[in-house]
Each structure stands twice: as structure tokens, then as C-alpha cells.
Amino acid sequence: MSDALLPVYDRDLVLVKGKGARLWDSAGHEWLDFAAGIAVNGLGYGDRKVVSAIKKQADLLIHASNLYHTEPGSELARRLVSLAFPSKVFFCNSGTEAWEGAMKFARRIGHEAGRTGYVCFEHSFHGRTMGSVSTTWTAKYREPFEPLVPGVRFCPLNDLAAAADAVDERTAAVMVEPVQGEGGIRPAAPEFLRGLEDLCRQRGALLVFDEIQCGLGRTGRMFAYEHSGVTPDILTLAKPLAGGLPMGAVLVREDLAPAIKVGDHGSTFGGNPVAAAAALAVLDRLTAPGFLDDVGAKGLYLTRGLRRLAKKHKGAVVDVRGMGLMIGVELSGPAAPVVKGLRERGILAVKSGEKVLRLLPPLVVKRSEMKRLLDALGEVLAGGAGSRFGPRNDKKESGT
Ligand SMILES: Cc1ncc(COP(=O)(O)O)c(C=O)c1O
């Protein structure tokens, strides 16, 4: 479409509009979206309440410096705290920025004690800026950008003994996704998270959860950590928070927050009133009676359907895992041809690592739409040739 763009993404479709879980491209083709802007479009496309909140706030005030308060920003902070845990909120504009904030706040809190290290996990993904990429496991994302932030150690996920070996008096934080997204939809076991909590308490390190992809309703609960009963010291949120507008948030436990002083961190656009107004509308929708239960029920429906397919195509499917509407189908071979096969049938999905098909539909996806996905995936796994738009080029999916 535009050769003026730096080619950090491999892409071809030009999308022009959306409604619910459906998208339309510039050629007029309709697509069923099982990627949801990589977990951003939780409420799908064109949610009336979100759109009207954005329009209303844009008429009033689009931006104000963070040297001043705005009503939507203040109200959103209060809402997030009331939904999560007693904490203070820092707003920014993306997931990676939220993660950078969490890394800085953890070091700031541990500064006097000389705590500068981070214990992270294999298959983690925390973003692309220098701090975030330093804590991201995949070597190809890190190595071309070395030297990175020092003091990061990676342990296998769900291996408490390895974490216990890694956490010491220099550790500022243990940092983990309760459900790993980019790394293959790998849930951290509840007992592992509880073990990390104990370890952090015993050794004086902070526990930081990255819920940028798995948070805000995606797993059928408002926060993925609720499934384990473990509350982090610092929580990061982003992707679906503002209904598609750029916004991230870092929640810092209330009693730790006094360590963060005026001037320690900042963001020109963070907490932008239009994004905050959109986020308030998103939270209204997520907290509506029955909404999250419905996400859980739909997740179960989809997972069961996928497990049936896995049984039928034992050679092709190794595992079906995830929580709520964050589901990974691990294949015995590369996921790219399956993503392509779905695309030929009018369905957008993404990979997670090389072998995992990642399904992240909008939380408002209908059962009939999930049935369509299951039928199409069944055809693809059976090696069916049916193509809706004719052959397409075999482009590699580019993840986030
Ligand atoms: C768990 C997690 N953390 C951080 C990020 C980075 O977010 P962003 O792309 O908004 O910078 C992502 C993006 O995929 C993510 O999945």
C-alpha cells in the first residue's frame, strides 16, 4: 500500500471499517476477525458507547498537559483502583510504555536497597522498547539491539525452584505474564504464581504482572490474576483499555507508591482525556452484569470445539490451551499455513511463536461466528482446498 513505511511489519490487507467481530477491506471483502487487533478490540468494532464517549470528549477537550488534572483521567484512575487493588495509577500510551514504567518504578522502590535486577521468564514478551525488549525472552527480538538493560535473568515458566535460585537481595522485581501471549499462550500455573508471591515476600522483591494482553476481561475475569488469587505489587495494562485508542496504565500498590516522587517519570500524552473517556466506556461494558461470565462461557464453547478438532486431527494438533477467549492451538508443524488457510476462508487469526495458532476474538464474538471459525479450521486441518477469494500470497504473519 505504501512504500514510504519502514518495513518492520509484513502486511498487505488495507482495512477500512469494522462492525462487531467483522472487518471490511478496501476491495470490499468481509473478514471475520479472530485477532481483534491483537487483543485490542475487546469490544469489537464500532461499539456505540465507546464511539459516542470519544466524540463527546473530543468536543470538550482533546488534550491537556499532565501538569493539570482532567475529569476523565482522574475518574479512570479511581475506577481502575476500585476494580483492581489499593494502588496509585500512572497512565501512558502503549503496552511497552507501561512495562517500561513498571521496570522503572520497581527500581525506584528498590533504589535505597540497591535492588536493580529483574527475574523474568522464558517465552515472555513485554514489548519492543529497550527496557521491555531486555526482559523479552525471544533472542531474535533482543540480540540485534544489544547492549540491553543489564541485570535480567530468565527462568523457565512454572519452575519455582529455578525462580528461587534466581531471586536474591539484588532483585528489584519478579516479572511475569499470568498468561503468556506472544510466547505461545502459556498460562502460569496458579500454584506457581502463589509460590512466586511467597518468594517475593520472603526475599523483599516486588511481584509485577504483565496483563497487557491477558487483562481486562480476556480470560473471563477482569484481571487474569484473579484466577490464582495472587495480587501483584505492580500491574500493567494496555491493549484493550481504551477501546482501540492508545493507552496503557501501571498500577502500583498504594503503600509502595510514596517511593515514586514528582519528576521520577512522565508522559506527555499519558491519560489523554479522549482515551480516558473511551476507557471509562470500555469498563462500563466489561462490568455490565453477565458480560465477563459470558466471555468465560464462550471461551469454554470455543475450547471444547477446538478440543474436538484436536481429537479428530491428532497428528496435526498437539495441544489446545488458554483461558477465556485467549486460546492457543499448538500444531505439530508451522502455524503459518493454517493462518493462511483461515485467511483463504475469510478469517483473520495470528500466530504465537512458530507453531501456535492464536485465537483472540473480540469478547463480543457470537457463537455463530465461533462455529464458522471451527468449521473453517476443520477444513484447513483436513487439508481442504476451498478458497473464498482465490489463492493469496504466502505472507508471513508479523505478530505484534
Ligand atoms: C504481554 C505483553 N506485554 C507488552 C506488550 C507490548 O505492548 P505494545 O505493543 O502496546 O507496546 C505486548 C504486545 O503484544 C504484550 O502482549
# chains A, B, ... in the order shown; residues from 1 in each chain; ligands from 1
>>> residues_around(residues="A:Cys92", least_positions_apart="3", cutoff="8 Å", atoms="only C-alpha atoms", output="PyMOL selection string")
chain A and resi 97-98+247-249+267+269-271
>>> write_last_selection(atoms="N, CA and C atoms", output="compact mmCIF listing (two decimals), in the first residue's frame")
# COMPACT_ATOMS: atom_id res chain seq x y z
N GLU A 97 5.26 0.96 26.93
CA GLU A 97 5.49 2.11 27.81
C GLU A 97 5.04 1.79 29.25
N ALA A 98 3.95 1.04 29.36
CA ALA A 98 3.50 0.62 30.70
C ALA A 98 4.57 -0.26 31.33
N MET A 247 -3.48 3.60 24.87
CA MET A 247 -3.44 3.90 26.30
C MET A 247 -2.85 2.71 27.07
N GLY A 248 -2.02 3.01 28.04
CA GLY A 248 -1.50 1.99 28.95
C GLY A 248 -1.64 2.51 30.37
N ALA A 249 -1.55 1.61 31.33
CA ALA A 249 -1.64 2.01 32.74
C ALA A 249 -0.74 1.12 33.58
N SER A 267 4.85 11.39 31.02
CA SER A 267 4.41 11.09 29.66
C SER A 267 3.54 12.25 29.19
N PHE A 269 1.43 12.50 26.66
CA PHE A 269 0.05 12.16 26.28
C PHE A 269 -0.64 11.23 27.28
N GLY A 270 0.11 10.67 28.24
CA GLY A 270 -0.45 9.67 29.14
C GLY A 270 -1.71 10.16 29.83
N GLY A 271 -2.76 9.34 29.80
CA GLY A 271 -4.02 9.71 30.46
C GLY A 271 -4.82 10.71 29.66
>>> select_by_dssp(residues="stretch 212-399 of chain A", states="helix (DSSP H, G or I)", output="number ranges by chain")
A: 224-227, 257-259, 273-286, 291-312, 336-344, 367-381
>>> residues_near_ligand(ligand="ligand 1", cutoff="10 Å", atoms="only C-alpha atoms and all ligand atoms", output="VMD selection string")
chain A and resid 37 to 40 93 to 100 124 to 129 132 to 133 136 176 to 183 209 to 215 236 to 240 246 to 248 399 to 400
>>> write_last_selection(atoms="C-alpha atoms", output="PDB file, in the first residue's frame")
ATOM      1  CA  GLY A  37      -6.112  -6.037  16.702  1.00  0.00           C
ATOM      2  CA  ILE A  38      -4.017  -8.485  18.776  1.00  0.00           C
ATOM      3  CA  ALA A  39      -6.274  -8.298  21.830  1.00  0.00           C
ATOM      4  CA  VAL A  40      -7.002  -4.579  21.475  1.00  0.00           C
ATOM      5  CA  ASN A  93       0.152   5.278  25.716  1.00  0.00           C
ATOM      6  CA  SER A  94       1.043   1.650  24.993  1.00  0.00           C
ATOM      7  CA  GLY A  95       1.952  -1.698  26.461  1.00  0.00           C
ATOM      8  CA  THR A  96       5.678  -1.275  26.139  1.00  0.00           C
ATOM      9  CA  GLU A  97       5.492   2.106  27.815  1.00  0.00           C
ATOM     10  CA  ALA A  98       3.503   0.623  30.696  1.00  0.00           C
ATOM     11  CA  TRP A  99       6.173  -2.073  31.037  1.00  0.00           C
ATOM     12  CA  GLU A 100       8.988   0.485  30.996  1.00  0.00           C
ATOM     13  CA  SER A 124       7.969 -13.890  27.785  1.00  0.00           C
ATOM     14  CA  PHE A 125       7.064 -10.886  25.645  1.00  0.00           C
ATOM     15  CA  HIS A 126       6.912  -7.410  27.155  1.00  0.00           C
ATOM     16  CA  GLY A 127       7.372  -5.059  24.193  1.00  0.00           C
ATOM     17  CA  ARG A 128       9.919  -3.525  21.867  1.00  0.00           C
ATOM     18  CA  THR A 129      11.483  -0.516  23.613  1.00  0.00           C
ATOM     19  CA  SER A 132      10.857  -4.114  27.530  1.00  0.00           C
ATOM     20  CA  VAL A 133      12.927  -5.906  24.923  1.00  0.00           C
ATOM     21  CA  THR A 136      11.590 -10.283  26.454  1.00  0.00           C
ATOM     22  CA  VAL A 176       5.579 -12.366  34.677  1.00  0.00           C
ATOM     23  CA  GLU A 177       2.575 -12.583  32.348  1.00  0.00           C
ATOM     24  CA  PRO A 178      -0.175 -14.601  34.124  1.00  0.00           C
ATOM     25  CA  VAL A 179      -0.942 -15.955  30.642  1.00  0.00           C
ATOM     26  CA  GLN A 180       1.899 -15.566  28.163  1.00  0.00           C
ATOM     27  CA  GLY A 181       0.560 -14.199  24.887  1.00  0.00           C
ATOM     28  CA  GLU A 182       3.259 -13.874  22.230  1.00  0.00           C
ATOM     29  CA  GLY A 183       5.186 -16.800  23.676  1.00  0.00           C
ATOM     30  CA  PHE A 209       2.238  -8.884  36.460  1.00  0.00           C
ATOM     31  CA  ASP A 210       2.019  -8.006  32.781  1.00  0.00           C
ATOM     32  CA  GLU A 211      -1.684  -8.131  31.902  1.00  0.00           C
ATOM     33  CA  ILE A 212      -1.276  -6.063  28.764  1.00  0.00           C
ATOM     34  CA  GLN A 213      -2.608  -8.917  26.616  1.00  0.00           C
ATOM     35  CA  CYS A 214      -4.388 -11.173  29.126  1.00  0.00           C
ATOM     36  CA  GLY A 215      -6.062  -8.499  31.272  1.00  0.00           C
ATOM     37  CA  THR A 236       0.491  -3.271  33.764  1.00  0.00           C
ATOM     38  CA  LEU A 237      -2.498  -2.871  31.434  1.00  0.00           C
ATOM     39  CA  ALA A 238      -2.821  -1.577  27.884  1.00  0.00           C
ATOM     40  CA  LYS A 239      -4.154  -3.079  24.652  1.00  0.00           C
ATOM     41  CA  PRO A 240      -7.979  -3.158  25.139  1.00  0.00           C
ATOM     42  CA  PRO A 246      -3.590   4.162  22.523  1.00  0.00           C
ATOM     43  CA  MET A 247      -3.443   3.898  26.304  1.00  0.00           C
ATOM     44  CA  GLY A 248      -1.500   1.995  28.950  1.00  0.00           C
ATOM     45  CA  GLY A 399       2.978 -10.847  15.361  1.00  0.00           C
ATOM     46  CA  THR A 400       2.619  -7.616  17.334  1.00  0.00           C
TER      47      THR A 400
END
>>> select_by_dssp(residues="stretch 230-263 of chain A", states="strand (DSSP E)", output="ChimeraX atom specification")
/A:234-237,248-253
>>> write_last_selection(atoms="N, CA, C and O atoms", output="short mmCIF file (atom, residue, chain, number, x, y, z; two decimals), in the first residue's frame")
data_model
loop_
_atom_site.label_atom_id
_atom_site.label_comp_id
_atom_site.auth_asym_id
_atom_site.auth_seq_id
_atom_site.Cartn_x
_atom_site.Cartn_y
_atom_site.Cartn_z
N ILE A 234 2.75 -4.63 41.39
CA ILE A 234 2.63 -3.70 40.26
C ILE A 234 1.93 -4.45 39.12
O ILE A 234 2.24 -5.62 38.86
N LEU A 235 0.99 -3.77 38.47
CA LEU A 235 0.22 -4.39 37.39
C LEU A 235 0.29 -3.48 36.16
O LEU A 235 0.11 -2.26 36.29
N THR A 236 0.53 -4.08 34.99
CA THR A 236 0.49 -3.27 33.76
C THR A 236 -0.70 -3.69 32.91
O THR A 236 -1.00 -4.87 32.77
N LEU A 237 -1.34 -2.68 32.32
CA LEU A 237 -2.50 -2.87 31.43
C LEU A 237 -2.28 -2.03 30.18
O LEU A 237 -1.59 -1.02 30.23
N GLY A 248 -2.02 3.01 28.04
CA GLY A 248 -1.50 1.99 28.95
C GLY A 248 -1.64 2.51 30.37
O GLY A 248 -1.84 3.72 30.60
N ALA A 249 -1.55 1.61 31.33
CA ALA A 249 -1.64 2.01 32.74
C ALA A 249 -0.74 1.12 33.58
O ALA A 249 -0.57 -0.07 33.28
N VAL A 250 -0.15 1.73 34.61
CA VAL A 250 0.63 0.98 35.59
C VAL A 250 -0.01 1.23 36.95
O VAL A 250 -0.18 2.39 37.34
N LEU A 251 -0.37 0.16 37.64
CA LEU A 251 -0.92 0.29 38.99
C LEU A 251 0.16 -0.13 39.99
O LEU A 251 0.70 -1.24 39.87
N VAL A 252 0.46 0.76 40.92
CA VAL A 252 1.49 0.49 41.93
C VAL A 252 0.82 0.41 43.29
O VAL A 252 0.07 1.33 43.67
N ARG A 253 1.08 -0.68 44.02
CA ARG A 253 0.45 -0.89 45.34
C ARG A 253 0.55 0.38 46.18
O ARG A 253 1.63 1.00 46.24
#
>>> residues_around(residues="A:Lys312", least_positions_apart="4", cutoff="12 Å", atoms="only C-alpha atoms", output="PyMOL selection string")
chain A and resi 305-308+316-318+377-379+381-382
